[in-house]
file input-v9.txt (compact mmCIF, C-alpha atoms and all ligand atoms)
# COMPACT_ATOMS: atom_id res chain seq x y z
CA MET C 13 -167.92 -82.68 106.61
CA ASN C 14 -170.73 -80.32 105.80
CA CYS C 15 -170.75 -79.15 102.16
CA ASN C 16 -170.95 -75.50 103.23
CA VAL C 17 -167.75 -75.87 105.18
CA ALA C 18 -166.17 -77.64 102.24
CA ILE C 19 -167.03 -74.72 99.95
CA VAL C 20 -165.41 -72.19 102.28
CA TRP C 21 -162.33 -74.41 102.48
CA MET C 22 -162.16 -74.69 98.68
CA HIS C 23 -161.87 -70.93 98.54
CA ASP C 24 -159.31 -70.86 101.30
CA TYR C 25 -157.37 -73.47 99.41
CA LEU C 26 -157.43 -71.36 96.23
CA ASP C 27 -156.30 -68.38 98.31
CA GLY C 28 -153.37 -70.49 99.43
CA GLU C 29 -154.52 -70.21 103.00
CA LEU C 30 -155.87 -73.62 103.89
CA PRO C 31 -153.85 -75.36 106.60
CA ARG C 32 -152.34 -78.70 105.62
CA ASP C 33 -154.53 -80.74 107.97
CA ASP C 34 -157.68 -79.18 106.58
CA MET C 35 -156.48 -79.92 103.08
CA ALA C 36 -156.54 -83.63 103.87
CA ALA C 37 -160.04 -83.35 105.29
CA LEU C 38 -161.22 -81.42 102.24
CA LYS C 39 -159.73 -84.05 99.96
CA THR C 40 -161.59 -86.79 101.81
CA HIS C 41 -164.83 -84.88 101.38
CA LEU C 42 -164.23 -84.26 97.69
CA ILE C 43 -163.69 -87.96 97.06
CA ALA C 44 -166.97 -88.75 98.79
CA CYS C 45 -169.09 -85.85 97.43
CA PRO C 46 -169.53 -85.56 93.64
CA SER C 47 -171.28 -82.20 93.74
CA CYS C 48 -168.48 -80.60 95.76
CA ARG C 49 -165.96 -82.22 93.49
CA SER C 50 -167.47 -80.71 90.38
CA ARG C 51 -167.76 -77.35 92.09
CA PHE C 52 -164.13 -77.49 93.09
CA GLU C 53 -163.11 -78.28 89.51
CA GLN C 54 -165.13 -75.33 88.25
CA LEU C 55 -163.59 -73.05 90.83
CA GLN C 56 -160.09 -74.16 89.90
CA GLN C 57 -160.77 -73.50 86.23
CA THR C 58 -162.34 -70.14 87.01
CA GLU C 59 -159.28 -69.23 89.02
CA ALA C 60 -156.97 -70.17 86.15
CA MET C 61 -159.01 -68.16 83.66
CA ALA C 62 -159.21 -65.14 85.91
CA PHE C 63 -155.44 -65.13 86.23
CA GLY C 64 -155.25 -65.60 82.48
CA MET C 65 -156.91 -62.29 81.67
CA VAL C 66 -153.61 -60.47 81.91
CA GLY C 67 -152.70 -58.76 78.69
CA SER C 68 -155.84 -59.58 76.79
CA GLY C 69 -158.00 -57.05 75.08
CA MET C 70 -156.93 -54.42 72.61
CA ASP C 71 -157.38 -51.37 74.79
CA ALA C 72 -156.37 -53.09 77.98
CA VAL C 73 -152.68 -52.75 77.27
CA LEU C 74 -150.96 -49.71 75.84
CA ASP C 75 -148.60 -50.26 72.95
CA GLU C 76 -145.18 -48.62 72.99
CA LYS C 77 -146.28 -45.48 71.22
CA GLN C 78 -149.40 -45.01 73.36
CA SER C 79 -147.35 -45.62 76.44
CA ALA C 80 -144.79 -43.00 75.42
CA LEU C 81 -147.54 -40.49 74.71
CA LEU C 82 -149.09 -41.08 78.10
CA THR C 83 -145.71 -40.63 79.80
CA GLU C 84 -145.32 -37.36 77.97
CA ARG C 85 -148.75 -36.22 79.10
CA ILE C 86 -147.97 -37.17 82.70
CA MET C 87 -144.61 -35.43 82.79
CA SER C 88 -145.84 -32.28 81.09
CA GLN C 89 -148.68 -31.78 83.55
CA LEU C 90 -146.41 -31.67 86.59
CA PRO C 91 -146.18 -28.33 88.33
CA ALA C 92 -143.04 -26.62 87.01
CA LYS C 93 -141.65 -25.59 90.33
CA ARG C 94 -141.53 -27.56 93.51
CA ALA C 95 -140.23 -26.98 96.99
CA GLY C 96 -136.58 -27.83 97.24
CA LYS C 97 -136.44 -27.80 100.99
CA PRO C 98 -138.93 -28.32 103.75
CA ASN C 99 -141.22 -25.38 103.93
CA ALA C 100 -141.84 -24.18 107.45
CA PHE C 101 -145.14 -22.74 106.51
CA ALA C 102 -146.25 -25.94 104.84
CA ALA C 103 -145.40 -27.79 108.04
CA TRP C 104 -147.33 -25.28 110.08
CA ILE C 105 -150.28 -25.55 107.75
CA ARG C 106 -150.25 -29.31 108.02
CA LYS C 107 -150.60 -29.04 111.75
CA HIS C 108 -153.57 -26.76 111.29
CA PRO C 109 -155.71 -28.41 108.66
CA ALA C 110 -158.81 -26.53 109.63
CA VAL C 111 -157.02 -23.24 109.10
CA THR C 112 -155.81 -24.48 105.75
CA VAL C 113 -159.23 -25.40 104.56
CA ALA C 114 -160.61 -22.09 105.73
CA ALA C 115 -157.77 -20.19 104.09
CA VAL C 116 -158.05 -22.04 100.84
CA PHE C 117 -161.77 -21.59 100.91
CA ALA C 118 -161.32 -17.87 101.40
CA PHE C 119 -158.76 -17.68 98.59
CA VAL C 120 -160.95 -19.56 96.23
CA MET C 121 -164.23 -17.93 97.12
CA LEU C 122 -162.93 -14.42 96.82
CA GLY C 123 -161.11 -15.10 93.65
CA SER C 124 -158.63 -12.45 94.69
CA PHE C 125 -155.79 -14.87 94.63
CA THR C 126 -155.80 -16.28 91.21
CA THR C 127 -152.41 -15.46 89.80
CA MET C 128 -149.57 -17.90 89.90
CA TRP C 129 -146.84 -17.27 92.40
CA GLU C 130 -144.22 -16.67 89.73
CA GLN C 131 -146.08 -13.74 88.30
CA ASN C 132 -147.33 -12.42 91.54
CA THR C 133 -145.40 -9.58 93.09
CA GLN C 134 -148.41 -7.39 93.52
CA LEU C 135 -150.19 -6.76 96.74
CA SER C 136 -152.90 -9.28 97.33
CA VAL C 137 -155.38 -9.19 100.17
CA SER C 138 -157.83 -11.90 100.94
CA GLY C 139 -160.22 -12.58 103.75
CA THR C 140 -163.82 -13.27 104.48
CA ASP C 141 -164.59 -9.66 105.40
CA LEU C 142 -162.71 -6.85 103.74
CA ALA C 143 -165.30 -4.10 104.18
CA GLN C 144 -163.39 -2.14 106.80
CA VAL C 145 -159.90 -2.74 105.49
CA VAL C 146 -158.10 0.29 104.09
CA ILE C 147 -155.58 -0.27 101.34
CA GLU C 148 -153.10 2.46 100.48
CA GLY C 149 -150.22 1.62 98.17
CA ASN C 150 -148.94 -1.67 99.49
CA THR C 151 -150.05 -1.04 103.05
CA VAL C 152 -153.16 -2.68 104.37
CA THR C 153 -154.60 -0.96 107.39
CA ILE C 154 -157.24 -2.13 109.78
CA PRO C 155 -158.14 1.18 111.38
CA GLU C 156 -158.58 1.62 115.10
CA GLY C 157 -162.10 0.64 116.09
CA ALA C 158 -162.62 -1.38 112.91
CA ARG C 159 -163.41 -5.04 113.14
CA VAL C 160 -162.56 -7.71 110.59
CA LYS C 161 -164.61 -10.87 110.82
CA GLY C 162 -162.64 -14.00 110.07
CA ASP C 163 -159.14 -14.38 108.75
CA LEU C 164 -157.00 -11.99 106.79
CA THR C 165 -154.16 -12.85 104.45
CA ILE C 166 -151.89 -10.25 102.96
CA GLU C 167 -149.26 -10.96 100.40
CA ASN C 168 -146.49 -8.68 99.19
CA GLY C 169 -147.50 -5.85 101.46
CA LYS C 170 -147.49 -4.41 104.95
CA ALA C 171 -150.23 -5.13 107.41
CA ASN C 172 -150.93 -2.32 109.82
CA VAL C 173 -153.31 -3.58 112.46
CA LEU C 174 -154.83 -0.94 114.74
CA GLY C 175 -158.25 -2.51 115.16
CA ASP C 176 -159.67 -5.97 115.79
CA VAL C 177 -159.38 -9.15 113.77
CA ASP C 178 -161.57 -12.07 114.79
CA GLY C 179 -159.47 -14.66 113.00
CA ASN C 180 -155.88 -15.23 111.97
CA VAL C 181 -153.63 -12.77 110.25
CA THR C 182 -151.13 -14.16 107.79
CA VAL C 183 -148.59 -11.98 106.05
CA ILE C 184 -146.65 -13.50 103.22
CA ASP C 185 -143.54 -11.71 102.03
CA GLY C 186 -144.36 -8.56 103.93
CA GLN C 187 -144.47 -7.07 107.39
CA LEU C 188 -146.96 -7.16 110.17
CA TYR C 189 -147.31 -4.22 112.48
CA GLN C 190 -149.63 -4.41 115.45
CA ALA C 191 -150.49 -1.25 117.35
CA SER C 192 -151.21 -1.38 121.07
CA THR C 193 -154.88 -0.96 120.23
CA ALA C 194 -154.82 -3.99 117.97
CA HIS C 195 -156.54 -7.18 118.95
CA ILE C 196 -156.10 -10.33 116.90
CA ALA C 197 -158.20 -13.22 118.15
CA GLY C 198 -156.53 -15.90 116.06
CA GLN C 199 -152.90 -16.52 115.29
CA THR C 200 -150.51 -14.26 113.48
CA LYS C 201 -147.99 -15.55 111.05
CA GLU C 202 -145.37 -13.86 108.93
CA ILE C 203 -143.87 -15.84 106.14
CA ASP C 204 -140.75 -14.50 104.56
CA GLN C 205 -140.09 -17.50 102.49
CA ALA C 206 -141.50 -17.63 99.02
CA LEU C 207 -144.87 -19.23 98.97
CA ASP C 208 -144.45 -21.46 96.05
CA TRP C 209 -147.07 -22.89 93.84
CA PHE C 210 -146.30 -26.37 95.01
CA TRP C 211 -147.24 -25.61 98.56
CA TYR C 212 -150.36 -23.95 97.41
CA LYS C 213 -151.42 -26.90 95.36
CA VAL C 214 -150.61 -29.35 98.13
CA THR C 215 -152.74 -27.58 100.66
CA GLN C 216 -155.43 -27.20 98.07
CA SER C 217 -155.46 -30.89 97.54
CA ILE C 218 -155.52 -31.86 101.20
CA SER C 219 -159.25 -31.60 101.34
CA LYS C 220 -159.59 -33.55 98.13
CA LEU C 221 -157.59 -36.51 99.26
CA ALA C 222 -159.89 -39.28 100.21
CA TYR C 223 -157.37 -41.32 102.08
CA MET W 28 -133.09 -50.32 106.68
CA VAL W 29 -132.48 -50.50 102.96
CA LYS W 30 -134.78 -48.19 101.15
CA SER W 31 -136.64 -49.47 98.14
CA LEU W 32 -135.80 -48.18 94.69
CA GLU W 33 -139.07 -46.29 94.64
CA ALA W 34 -138.43 -44.70 98.02
CA ARG W 35 -135.04 -43.49 96.80
CA LEU W 36 -136.52 -42.19 93.55
CA ALA W 37 -139.24 -40.46 95.53
CA ARG W 38 -136.63 -38.67 97.62
CA LEU W 39 -134.75 -37.54 94.54
CA ALA W 40 -137.96 -36.38 92.91
CA LEU W 41 -138.82 -34.48 96.06
CA LYS W 42 -135.53 -32.61 95.71
CA GLY W 43 -136.59 -31.58 92.24
CA ASP W 44 -135.08 -34.35 90.14
CA GLN W 45 -137.59 -34.73 87.32
CA SER W 46 -135.82 -37.71 85.78
CA ALA W 47 -136.23 -39.62 89.04
CA PHE W 48 -139.93 -38.97 88.84
CA ALA W 49 -139.94 -40.07 85.21
CA GLU W 50 -138.47 -43.35 86.38
CA ILE W 51 -141.29 -43.82 88.87
CA VAL W 52 -143.70 -43.15 86.02
CA SER W 53 -142.05 -45.75 83.82
CA LEU W 54 -142.16 -48.32 86.63
CA TYR W 55 -145.88 -47.98 87.24
CA GLN W 56 -147.59 -46.31 84.34
CA ASP W 57 -148.49 -49.37 82.30
CA LYS W 58 -149.52 -51.49 85.29
CA LEU W 59 -151.74 -48.72 86.57
CA TYR W 60 -153.24 -48.22 83.15
CA HIS W 61 -154.04 -51.89 82.83
CA MET W 62 -155.67 -51.93 86.23
CA ALA W 63 -157.63 -48.75 85.58
CA TYR W 64 -158.78 -50.10 82.24
CA ARG W 65 -160.09 -53.27 83.84
CA MET W 66 -161.91 -51.21 86.41
CA LEU W 67 -163.37 -48.65 84.03
CA TYR W 68 -163.44 -50.35 80.61
CA ASN W 69 -162.74 -47.09 78.94
CA ARG W 70 -159.41 -46.13 77.51
CA GLN W 71 -159.74 -42.38 77.92
CA GLU W 72 -160.89 -42.64 81.49
CA ALA W 73 -158.17 -45.11 82.31
CA GLU W 74 -155.53 -42.76 80.92
CA ASP W 75 -157.01 -39.87 82.86
CA VAL W 76 -156.88 -41.88 86.06
CA VAL W 77 -153.24 -42.76 85.47
CA GLN W 78 -152.40 -39.13 84.78
CA ASP W 79 -154.27 -37.97 87.85
CA THR W 80 -152.60 -40.62 89.99
CA PHE W 81 -149.12 -39.41 89.08
CA LEU W 82 -150.09 -35.81 89.62
CA ARG W 83 -151.26 -36.66 93.11
CA VAL W 84 -148.18 -38.72 93.79
CA TYR W 85 -145.99 -35.83 92.67
CA LYS W 86 -147.77 -33.27 94.78
CA ASN W 87 -147.73 -35.49 97.83
CA LEU W 88 -144.25 -36.94 97.63
CA ASP W 89 -143.36 -35.19 100.86
CA ARG W 90 -146.21 -36.98 102.57
CA TYR W 91 -145.19 -40.43 101.41
CA ASP W 92 -144.48 -42.55 104.44
CA ASP W 93 -141.80 -45.00 103.41
CA THR W 94 -142.80 -47.55 106.02
CA MET W 95 -145.57 -48.31 103.55
CA LYS W 96 -144.64 -50.00 100.29
CA PHE W 97 -144.56 -47.48 97.50
CA SER W 98 -146.66 -49.78 95.33
CA THR W 99 -149.31 -49.97 98.03
CA TRP W 100 -149.43 -46.21 98.18
CA ILE W 101 -149.67 -45.65 94.43
CA TYR W 102 -152.25 -48.40 93.93
CA ARG W 103 -154.29 -46.95 96.75
CA ILE W 104 -154.40 -43.58 95.03
CA ALA W 105 -155.24 -45.15 91.67
CA THR W 106 -157.95 -47.49 92.97
CA ASN W 107 -159.55 -44.65 94.91
CA LEU W 108 -159.69 -42.58 91.74
CA CYS W 109 -161.22 -45.50 89.82
CA ILE W 110 -163.78 -46.16 92.52
CA ASP W 111 -164.70 -42.47 92.58
CA ARG W 112 -165.34 -42.57 88.86
CA LEU W 113 -167.37 -45.76 89.06
CA ARG W 114 -169.51 -44.27 91.81
CA LYS W 115 -170.14 -41.11 89.83
CA ARG W 116 -170.99 -43.05 86.72
CA LYS W 117 -174.15 -44.73 87.91
CA PRO W 118 -175.74 -45.88 91.11
CA SER W 119 -173.90 -49.03 92.05
CA TYR W 120 -175.85 -52.22 92.29
CA SER W 121 -176.14 -53.87 95.60
CA LEU W 122 -174.52 -57.27 95.39
CA ASP W 123 -175.15 -57.52 99.06
CA ALA W 124 -175.56 -55.31 102.02
CA GLU W 125 -172.34 -54.77 103.93
CA SER W 126 -173.97 -56.48 106.91
CA SER W 127 -174.64 -59.69 105.04
CA GLU W 128 -170.98 -59.97 104.17
CA HIS W 129 -170.57 -63.17 106.10
CA GLU W 130 -173.82 -64.87 105.39
CA GLY W 131 -172.50 -67.22 102.83
CA LEU W 132 -171.59 -67.51 99.24
CA ASP W 133 -174.94 -67.46 97.55
CA GLY W 134 -177.22 -64.63 96.60
CA TYR W 135 -175.74 -63.40 93.38
CA SER W 136 -179.09 -63.13 91.68
CA MET W 137 -179.15 -59.39 92.33
CA ILE W 138 -176.31 -58.79 89.94
CA PRO W 139 -177.81 -57.43 86.77
CA SER W 140 -176.90 -59.22 83.61
CA ASP W 141 -175.16 -56.63 81.56
CA ASN W 142 -174.44 -57.75 78.08
CA ARG W 143 -172.61 -54.72 76.82
CA THR W 144 -169.44 -55.73 75.08
CA PRO W 145 -166.69 -53.22 74.59
CA GLU W 146 -166.00 -53.31 70.86
CA SER W 147 -162.32 -53.83 71.47
CA GLU W 148 -163.00 -57.06 73.28
CA THR W 149 -164.54 -58.83 70.32
CA LEU W 150 -161.30 -60.48 69.34
CA LEU W 151 -161.04 -62.28 72.62
CA SER W 152 -161.90 -65.86 73.20
CA GLU W 153 -165.35 -66.60 74.49
CA THR W 154 -164.20 -67.45 78.01
CA GLN W 155 -162.01 -64.38 78.28
CA ARG W 156 -164.92 -62.28 77.13
CA ILE W 157 -167.15 -63.83 79.76
CA ILE W 158 -164.57 -63.19 82.47
CA HIS W 159 -164.13 -59.57 81.41
CA GLN W 160 -167.85 -59.02 81.20
CA ALA W 161 -168.41 -60.65 84.54
CA ILE W 162 -165.78 -58.47 86.17
CA GLU W 163 -167.15 -55.41 84.43
CA THR W 164 -170.59 -56.01 85.88
CA LEU W 165 -169.30 -56.37 89.42
CA PRO W 166 -169.99 -53.50 91.81
CA ALA W 167 -166.99 -51.27 92.45
CA LYS W 168 -166.08 -52.79 95.79
CA TYR W 169 -165.83 -56.27 94.30
CA LYS W 170 -164.28 -55.07 91.08
CA SER W 171 -161.34 -53.42 92.79
CA VAL W 172 -160.63 -56.55 94.85
CA MET W 173 -160.87 -58.88 91.85
CA VAL W 174 -158.75 -56.68 89.60
CA LEU W 175 -156.03 -56.34 92.21
CA ARG W 176 -156.14 -60.06 92.90
CA TYR W 177 -156.14 -61.41 89.37
CA LEU W 178 -154.62 -58.67 87.31
CA GLN W 179 -151.99 -57.38 89.71
CA ASP W 180 -151.52 -60.77 91.35
CA MET W 181 -151.62 -59.25 94.83
CA SER W 182 -151.96 -61.29 97.98
CA LEU W 183 -155.04 -60.81 100.16
CA GLN W 184 -152.87 -58.93 102.66
CA GLU W 185 -151.55 -56.55 99.99
CA ILE W 186 -155.07 -55.89 98.71
CA GLY W 187 -156.11 -55.16 102.28
CA ASP W 188 -153.27 -52.66 102.57
CA VAL W 189 -154.13 -50.95 99.31
CA LEU W 190 -157.83 -50.68 100.05
CA ASP W 191 -157.22 -50.07 103.73
CA MET W 192 -159.61 -52.82 104.74
CA PRO W 193 -159.29 -55.86 106.96
CA VAL W 194 -158.05 -59.02 105.27
CA THR W 195 -161.17 -60.88 106.35
CA THR W 196 -163.28 -58.48 104.29
CA ILE W 197 -161.01 -58.90 101.29
CA LYS W 198 -161.20 -62.65 101.66
CA THR W 199 -165.00 -62.63 101.69
CA ARG W 200 -165.04 -60.46 98.60
CA VAL W 201 -162.61 -62.66 96.73
CA HIS W 202 -164.71 -65.71 97.60
CA ARG W 203 -167.92 -64.10 96.49
CA GLY W 204 -166.34 -62.66 93.39
CA ARG W 205 -164.89 -66.04 92.49
CA GLU W 206 -168.26 -67.73 92.93
CA PHE W 207 -169.80 -65.05 90.78
CA LEU W 208 -167.30 -65.72 88.01
CA ARG W 209 -167.82 -69.44 88.37
CA LYS W 210 -171.58 -69.05 87.88
CA LYS W 211 -171.05 -66.90 84.81
CA LEU W 212 -168.73 -69.53 83.36
CA GLU W 213 -170.69 -72.52 84.60
CA HIS W 214 -172.05 -73.72 81.29
CA LYS W 215 -168.69 -73.13 79.58
CA LEU W 216 -166.71 -75.29 81.95
ZN ZN C 301 -170.05 -81.79 99.54
call {"tool": "encode", "arguments": {"input": "input-v9.txt", "output": "C-alpha cells"}}
result
Amino acid sequence: MNCNVAIVWMHDYLDGELPRDDMAALKTHLIACPSCRSRFEQLQQTEAMAFGMVGSGMDAVLDEKQSALLTERIMSQLPAKRAGKPNAFAAWIRKHPAVTVAAVFAFVMLGSFTTMWEQNTQLSVSGTDLAQVVIEGNTVTIPEGARVKGDLTIENGKANVLGDVDGNVTVIDGQLYQASTAHIAGQTKEIDQALDWFWYKVTQSISKLAY
Amino acid sequence: MVKSLEARLARLALKGDQSAFAEIVSLYQDKLYHMAYRMLYNRQEAEDVVQDTFLRVYKNLDRYDDTMKFSTWIYRIATNLCIDRLRKRKPSYSLDAESSEHEGLDGYSMIPSDNRTPESETLLSETQRIIHQAIETLPAKYKSVMVLRYLQDMSLQEIGDVLDMPVTTIKTRVHRGREFLRKKLEHKL
C-alpha cells in the first residue's frame, strides 16, 4: 500500500467510516511502515485530545448564574406580541419576496413608518413617490391624471384612486376605492387583519437571513 | 410520525406559549454558547450570538420545517452568525483555495502562527491550550467543522446538514483540520 493511501484511510478510520476489509489492509501497512505507524498514533492522540476539549476553559462554559442571566436576556428581547394564527398577508408576502423587499425598503427609506403597531392608529402613507398624492383627513387621494411611480401603502385610512399607480397598492386596515379612471399597474391588496409587529419583523428579516 | 420534543415546543411557542419557548432556550442555550465561544473566543460575542440565534428562531418559528432536525436548524443559524462575525473581524487566511480541496493533506504552512492566548485559558493544561489555540487560528470554514465535530460530537453527515454542504467536503475539512492539529501537537506527543 502507498503511504498516501494509508494516510487517507487513517482519517477514514478515525471518522468511523473505513470498511472492515480496508481496516485489515491498513493494519498490515502499519505493521510494515514505522513512519505511518507513528503518524497514526499521533492522529489517534490528537483525536482524543480534540474530543477532550469539552468543558475546559473558564469562559467557555457558563456557570449557573451566567446561564440564568443569559436566559433572562434572551427571553426579554423577544417581541412582545406574536401572530396567534396564520396571517394571510404574511403568506401572500412570502409568495412575493420581491414585493416584500421593495415594500420594506420603502418603509425604511421613507422613515414614515416608524411607530410600533400597538401605538399606531394614525394614518400612515408610504411609497417611493408621494409628490402627487393628496391627503385630507384620513383619505389619501391620487387625483385623476396624477401618476404615482412605484408602490403605495396606506395604513389606517381610505385610498381613493382616480389616477395612475405604476406599482402595487396596499391598504392596511382601511378601504380602497378605485374610480373608473384609475389605473393600477401592480397588484392591489386590502388587509383588514391587524398587521402585527411580528409579521413586520419577519418580513424585515427575510432579506437578512443568509440561509 | 412522532414529532420531536423540540418540534412540539416550537408549535406551542408559535401559538404564543412563552414557557414553551423558554424550554427550547434551556435545551440549547448552553450548548450554543459553548460552540459560539469556541468559534469566537470572546465571551461577549458568544453571548450576543446566542441571543441573536434565539431571536431569529423565535421570529421564524413558522418557517421551521420539521422534516429537518430542530438541532440542525438551530445550529445552522448559530454557526452562520458566528461565521459572519469571523468574516467581519478580519480577512480570513487562506488555508487553501477551494479548488485544491482534494489535493492532499499537506500544505498547512500558510496558516499563520498566532500566539495570542485568551487570558482565561491560562489555567488549562499545555495540550489543551495548544488545541484551543490551534482551533482558534483555523480559518472560519475549518473552525466551524472542527467545533461541530469535536465539541458538539456531530457526525460528518450532521455537520453537512448544519452547514448545508456535501459530506465529502466536510470529510476533507475534518481530515485537514485533524492534520493541522496533529502538526501543532507533534512535539508534545
Ligand atoms: Zn506508510
call {"tool": "closest_residue", "arguments": {"input": "input-v9.txt", "among": "C:Val20, C:Ala36, C:Ala44, C:Ile86", "to": "ligand ZN 301 (chain C)", "atoms": "only C-alpha atoms and all ligand atoms"}}
result
C:Ala44
call {"tool": "residues_near_ligand", "arguments": {"input": "input-v9.txt", "ligand": "ligand ZN 301 (chain C)", "cutoff": "10 Å", "atoms": "all atoms listed in the file", "output": "CSV table (one decimal) with C-alpha atoms, keeping the file's coordinate frame"}}
result
chain,number,residue,atom,x,y,z
C,13,MET,CA,-167.9,-82.7,106.6
C,14,ASN,CA,-170.7,-80.3,105.8
C,15,CYS,CA,-170.8,-79.2,102.2
C,16,ASN,CA,-171.0,-75.5,103.2
C,17,VAL,CA,-167.8,-75.9,105.2
C,18,ALA,CA,-166.2,-77.6,102.2
C,19,ILE,CA,-167.0,-74.7,100.0
C,38,LEU,CA,-161.2,-81.4,102.2
C,41,HIS,CA,-164.8,-84.9,101.4
C,42,LEU,CA,-164.2,-84.3,97.7
C,43,ILE,CA,-163.7,-88.0,97.1
C,44,ALA,CA,-167.0,-88.8,98.8
C,45,CYS,CA,-169.1,-85.8,97.4
C,46,PRO,CA,-169.5,-85.6,93.6
C,47,SER,CA,-171.3,-82.2,93.7
C,48,CYS,CA,-168.5,-80.6,95.8
C,49,ARG,CA,-166.0,-82.2,93.5
C,50,SER,CA,-167.5,-80.7,90.4
C,51,ARG,CA,-167.8,-77.4,92.1
C,52,PHE,CA,-164.1,-77.5,93.1
call {"tool": "residues_near_point", "arguments": {"input": "input-v9.txt", "point": "(-148.4, -52.4, 97.6)", "cutoff": "8 Å", "atoms": "all atoms listed in the file", "output": "PDB file with C-alpha atoms, in the coordinates of the input"}}
result
ATOM      1  CA  MET W  95    -145.570 -48.310 103.550  1.00  0.00           C
ATOM      2  CA  LYS W  96    -144.640 -50.000 100.290  1.00  0.00           C
ATOM      3  CA  PHE W  97    -144.560 -47.480  97.500  1.00  0.00           C
ATOM      4  CA  SER W  98    -146.660 -49.780  95.330  1.00  0.00           C
ATOM      5  CA  THR W  99    -149.310 -49.970  98.030  1.00  0.00           C
ATOM      6  CA  TRP W 100    -149.430 -46.210  98.180  1.00  0.00           C
ATOM      7  CA  ILE W 101    -149.670 -45.650  94.430  1.00  0.00           C
ATOM      8  CA  TYR W 102    -152.250 -48.400  93.930  1.00  0.00           C
ATOM      9  CA  GLU W 185    -151.550 -56.550  99.990  1.00  0.00           C
ATOM     10  CA  ILE W 186    -155.070 -55.890  98.710  1.00  0.00           C
ATOM     11  CA  ASP W 188    -153.270 -52.660 102.570  1.00  0.00           C
ATOM     12  CA  VAL W 189    -154.130 -50.950  99.310  1.00  0.00           C
TER      13      VAL W 189
END
call {"tool": "atom_distance", "arguments": {"input": "input-v9.txt", "atom1": "atom CA of W:Phe48", "atom2": "atom CA of W:Tyr68"}}
result
27.4 Å
call {"tool": "residues_around", "arguments": {"input": "input-v9.txt", "residues": "C:Lys161", "least_positions_apart": "4", "cutoff": "9 Å", "atoms": "all atoms listed in the file", "output": "VMD selection string"}}
result
chain C and resid 139 to 142 176 to 179
call {"tool": "residues_around", "arguments": {"input": "input-v9.txt", "residues": "stretch 198-212 of chain W", "least_positions_apart": "3", "cutoff": "9 Å", "atoms": "all atoms listed in the file", "output": "count of residues only"}}
result
35
call {"tool": "atom_distance", "arguments": {"input": "input-v9.txt", "atom1": "atom CA of W:Pro166", "atom2": "atom CA of C:Leu82"}}
result
27.9 Å
call {"tool": "closest_residue", "arguments": {"input": "input-v9.txt", "among": "C:Ile184, C:Ala143, C:Leu174, C:Met87", "to": "chain W", "atoms": "only C-alpha atoms"}}
result
C:Met87
call {"tool": "residues_around", "arguments": {"input": "input-v9.txt", "residues": "W:Thr106", "least_positions_apart": "3", "cutoff": "8 Å", "atoms": "only C-alpha atoms", "output": "list in words"}}
result
Ala63, Tyr102, Arg103, Cys109, Ile110, Ser171 and Leu190 of chain W
call {"tool": "atom_distance", "arguments": {"input": "input-v9.txt", "atom1": "atom CA of W:Tyr85", "atom2": "atom CA of C:Ser136"}}
result
27.8 Å
call {"tool": "residues_near_point", "arguments": {"input": "input-v9.txt", "point": "(-163.3, -40.4, 84.9)", "cutoff": "10 Å", "atoms": "all atoms listed in the file", "output": "VMD selection string"}}
result
chain W and resid 67 69 71 to 76 79 108 to 113 115 to 116
call {"tool": "closest_residue", "arguments": {"input": "input-v9.txt", "among": "W:Ala105, W:Leu41, W:Met66, W:Leu36", "to": "W:Ala167", "atoms": "all atoms listed in the file"}}
result
W:Met66
call {"tool": "closest_residue", "arguments": {"input": "input-v9.txt", "among": "W:Glu33, W:Arg156, W:Tyr177, W:Asp93", "to": "chain C", "atoms": "all atoms listed in the file"}}
result
W:Tyr177
call {"tool": "closest_residue", "arguments": {"input": "input-v9.txt", "among": "W:Ala37, W:Met192, W:Leu178, W:Leu54", "to": "chain C", "atoms": "all atoms listed in the file"}}
result
W:Leu178
